[in-house]
Amino acid sequence: METKKNNILVTGGLGTIGRPLVEELRRRSHTVWVSGPRHADYSNFIRCDVSYFRQVENMFESHRFDYVYHLANEFGRKSSEESYESIWQTNAVGMRNMLKMQERHGFKMIYPGSSELYETTSGEDAHNNTLEKIAPRLTNDYAISKLVNELQIQNSIEKHGTQTARVRFSSVYGPGEYYNDYRSAVCIFIYRALHNMPYTVWTDAKRAFLYIDDAVNAAASICERFKPGEVYTVTGKELYDMKQISDMILGALGKDDRLVGYKNGDSTTVLFDEADQIKILQDLGLTKITPFKEGLARTIAWQQKIYAQ
C-alpha cells in the first residue's frame, strides 16, 4: 500500500537529530518545512522561536501541516543546570505554545521525549517497568522539563482530544554530532581522545546508546504508522558502563588512558527493554538496531574526517 504523502513541520529541524530527520522525511517524498529561532539558508525554512507565542501563532496561521515533529528543545543535563531559564522557556513554554496551536488547528504531533525519565531505573526494573508504572525521581532540570512536557501533552489529549505520539530516545550518538562540552559522552570522549585532551569517566554510570540513524528511522516512521497516544522507547540493545565505552574509543584510536579521570557518583542507568525493541521493530517497520560497536566505528571515522585527524 502506498504511503500517504504529508505536509510536515520539523521544529528544531537544523539540529543534530532534526537535520537528518528532515532529509529522511524528504527522501520518503513528504513535503517538509523547518523552523528555527534564527534565519537560515535552507529550503522551506520558517524563522520561529517556539518560546514566543506570537511567532508560533504566525507560523501556524500562515501554513497548514498534517504532522509536526516538535524537536525544538534545549538539550542536556549540564546545560540545564547552567542555563535553566532557557531550558524552561524553550522546553516547557515552547511546548505549551505548540499545544495551543494543536488544539486550534488539529495537526498530529510527534514529540521526542527522553530516557532521562527513567533515570532511577536499574537492574530488573529496567526490563519490567515503564514510566507509567513507576514514579520517577529526576535530578536535573532537563529531565524534569521533559517530564513536564509529557504531562502537558497528556493533559491536552484528555481535555482537548489532541493526537500526539511520543518517542523516548536513549542517549543518541553518531555522525553529525559536532563537539561541544554539552554533547553526548560518546562525542566528547572521541573528540577529546583525538585531540589528546583530558576527560572524566563516571565509572558507575551505564548507558544503552542509540545510533542516530536508528533514531531517525524510528521517528520518520511514526507519521506513516501514526497511533495517537502511543509511546515508544527507542534504545540501543546493549548496556555498557562508561569505562567500557571509553576503553573502546581509546583502543580504536590507539591511545592510552593517561588523560582520563575516573570518578564515582553518577550511577544512572538508562532503560533498555527487549520487549520495547520488539514493539518498535514491529510497529515502526524497522529491520534492526545498529550494534554499538558498529555505530561507534562509524562515528569515530566521521570525527576523524571532520576534524582532520
# chains A, B, ... in the order shown; residues from 1 in each chain; ligands from 1
$ residues_around --residues "Thr162 of chain A" --least-positions-apart "2" --cutoff "8 Å" --atoms "only C-alpha atoms" --output "PyMOL selection string"
chain A and resi 102-103+106+108+156-158+160+164
$ residues_around --residues "Pro20 of chain A" --least-positions-apart "4" --cutoff "10 Å" --atoms "only C-alpha atoms" --output "ChimeraX atom specification"
/A:13-16,24-26,176,212-213,215-217,220
$ select_by_dssp --residues "segment 16-236 of chain A" --states "strand (DSSP E or B)" --output "MDAnalysis selection string"
chainID A and resid 31:36 45:47 67:70 108:114 164:169 172:173 199:202 206:207 210:211 231:234
$ write_last_selection --atoms "N, CA and C atoms" --output "CSV table (one decimal), in the first residue's frame"
chain,number,residue,atom,x,y,z
A,31,THR,N,6.5,16.5,2.0
A,31,THR,CA,6.8,17.9,1.9
A,31,THR,C,7.2,18.3,3.3
A,32,VAL,N,8.4,18.8,3.5
A,32,VAL,CA,8.9,19.1,4.9
A,32,VAL,C,9.3,20.6,5.0
A,33,TRP,N,8.8,21.2,6.1
A,33,TRP,CA,9.2,22.6,6.4
A,33,TRP,C,10.0,22.5,7.7
A,34,VAL,N,10.9,23.5,7.9
A,34,VAL,CA,11.8,23.5,9.0
A,34,VAL,C,11.6,24.9,9.7
A,35,SER,N,11.6,24.9,11.0
A,35,SER,CA,11.6,26.1,11.8
A,35,SER,C,12.8,26.2,12.7
A,36,GLY,N,13.3,27.4,13.0
A,36,GLY,CA,14.3,27.6,14.0
A,36,GLY,C,14.3,29.1,14.4
A,45,PHE,N,12.2,27.1,4.9
A,45,PHE,CA,12.6,27.4,6.3
A,45,PHE,C,11.7,28.6,6.8
A,46,ILE,N,11.2,28.4,8.1
A,46,ILE,CA,10.4,29.5,8.7
A,46,ILE,C,11.1,29.9,10.0
A,47,ARG,N,11.4,31.2,10.1
A,47,ARG,CA,12.0,31.6,11.4
A,47,ARG,C,11.0,31.7,12.5
A,67,TYR,N,1.4,17.0,10.0
A,67,TYR,CA,2.1,16.5,11.2
A,67,TYR,C,3.2,17.5,11.6
A,68,VAL,N,3.4,17.6,12.9
A,68,VAL,CA,4.5,18.4,13.4
A,68,VAL,C,5.4,17.5,14.3
A,69,TYR,N,6.7,17.5,13.9
A,69,TYR,CA,7.7,16.9,14.8
A,69,TYR,C,8.3,18.1,15.6
A,70,HIS,N,8.0,18.0,16.9
A,70,HIS,CA,8.4,19.1,17.8
A,70,HIS,C,9.8,18.8,18.5
A,108,LYS,N,-1.5,16.5,13.8
A,108,LYS,CA,-0.9,15.5,14.7
A,108,LYS,C,0.5,15.8,15.0
A,109,MET,N,0.9,15.4,16.2
A,109,MET,CA,2.3,15.8,16.7
A,109,MET,C,3.0,14.6,17.1
A,110,ILE,N,4.3,14.6,16.8
A,110,ILE,CA,5.3,13.6,17.3
A,110,ILE,C,6.3,14.4,18.2
A,111,TYR,N,6.4,13.9,19.4
A,111,TYR,CA,7.3,14.6,20.4
A,111,TYR,C,8.4,13.7,20.8
A,112,PRO,N,9.6,14.1,20.7
A,112,PRO,CA,10.8,13.3,21.2
A,112,PRO,C,11.0,13.5,22.7
A,113,GLY,N,10.6,12.5,23.5
A,113,GLY,CA,10.9,12.6,24.9
A,113,GLY,C,12.3,12.1,25.1
A,114,SER,N,12.5,11.6,26.3
A,114,SER,CA,13.9,11.3,26.7
A,114,SER,C,13.9,10.1,27.7
A,164,THR,N,-1.2,13.0,19.7
A,164,THR,CA,0.3,13.1,19.8
A,164,THR,C,0.8,11.7,20.1
A,165,ALA,N,1.9,11.4,19.5
A,165,ALA,CA,2.7,10.2,19.8
A,165,ALA,C,4.0,10.6,20.4
A,166,ARG,N,4.5,9.9,21.3
A,166,ARG,CA,5.8,10.2,22.0
A,166,ARG,C,6.8,9.2,21.7
A,167,VAL,N,8.0,9.6,21.5
A,167,VAL,CA,9.1,8.6,21.3
A,167,VAL,C,10.3,9.1,22.2
A,168,ARG,N,10.6,8.2,23.2
A,168,ARG,CA,11.7,8.4,24.1
A,168,ARG,C,13.0,7.8,23.7
A,169,PHE,N,13.9,8.7,23.3
A,169,PHE,CA,15.2,8.2,22.8
A,169,PHE,C,16.2,8.1,24.0
A,172,VAL,N,21.3,9.3,22.2
A,172,VAL,CA,21.6,9.3,20.8
A,172,VAL,C,23.0,9.8,20.5
A,173,TYR,N,23.7,9.1,19.6
A,173,TYR,CA,25.1,9.5,19.2
A,173,TYR,C,25.2,9.2,17.8
A,199,TYR,N,39.5,14.1,29.9
A,199,TYR,CA,38.0,14.0,30.1
A,199,TYR,C,37.8,13.1,31.3
A,200,THR,N,36.6,13.2,31.8
A,200,THR,CA,36.2,12.4,33.0
A,200,THR,C,35.2,11.3,32.7
A,201,VAL,N,35.4,10.1,33.3
A,201,VAL,CA,34.5,9.0,33.1
A,201,VAL,C,33.9,8.7,34.5
A,202,TRP,N,32.5,8.6,34.5
A,202,TRP,CA,31.8,8.2,35.7
A,202,TRP,C,31.7,6.7,35.6
A,206,LYS,N,25.9,3.8,33.5
A,206,LYS,CA,25.7,2.9,32.4
A,206,LYS,C,24.7,3.5,31.4
A,207,ARG,N,24.9,3.1,30.1
A,207,ARG,CA,24.0,3.7,29.1
A,207,ARG,C,23.8,2.7,28.0
A,210,LEU,N,22.0,4.9,21.5
A,210,LEU,CA,21.2,4.7,20.3
A,210,LEU,C,21.9,5.4,19.1
A,211,TYR,N,22.2,4.6,18.1
A,211,TYR,CA,22.8,5.2,16.9
A,211,TYR,C,21.8,6.1,16.2
A,231,VAL,N,3.3,5.6,22.9
A,231,VAL,CA,4.6,5.9,23.5
A,231,VAL,C,5.6,4.8,23.1
A,232,TYR,N,6.7,5.3,22.5
A,232,TYR,CA,7.8,4.3,22.1
A,232,TYR,C,9.0,4.7,22.8
A,233,THR,N,9.7,3.7,23.4
A,233,THR,CA,11.0,3.9,24.0
A,233,THR,C,12.0,3.2,23.0
A,234,VAL,N,12.8,4.0,22.4
A,234,VAL,CA,13.8,3.6,21.3
A,234,VAL,C,15.2,3.6,21.9
$ residues_around --residues "Lys4 of chain A" --least-positions-apart "6" --cutoff "10 Å" --atoms "only C-alpha atoms" --output "list in words"
Arg28, Ser29, His30, Cys223 and Glu224 of chain A
$ select_by_dssp --residues "segment 132-303 of chain A" --states "helix (DSSP H, G or I)" --output "ChimeraX atom specification"
/A:141-160,185-194,212-224,242-253,274-283,292-303
$ atom_distance --atom1 "atom CA of Asn44 of chain A" --atom2 "atom CA of Glu74 of chain A"
22.6 Å
$ closest_residue --among "A:Leu21, A:Val186, A:Ile306, A:Ala301" --to "Ile222 of chain A" --atoms "only C-alpha atoms"
A:Leu21
$ atom_distance --atom1 "atom CA of Leu253 of chain A" --atom2 "atom CA of Ile190 of chain A"
8.6 Å
$ atom_distance --atom1 "atom CA of Thr290 of chain A" --atom2 "atom CA of Asn264 of chain A"
29.0 Å
$ residues_around --residues "Leu296 of chain A" --least-positions-apart "4" --cutoff "8 Å" --atoms "only C-alpha atoms" --output "VMD selection string"
chain A and resid 174 249 292 300
$ write_last_selection --atoms "C-alpha atoms" --output "short mmCIF file (atom, residue, chain, number, x, y, z; two decimals), in the first residue's frame"
data_model
loop_
_atom_site.label_atom_id
_atom_site.label_comp_id
_atom_site.auth_asym_id
_atom_site.auth_seq_id
_atom_site.Cartn_x
_atom_site.Cartn_y
_atom_site.Cartn_z
CA GLY A 174 26.62 9.32 15.79
CA ILE A 249 37.29 4.55 21.92
CA PHE A 292 27.03 -0.23 19.36
CA ILE A 300 34.96 7.71 15.13
#
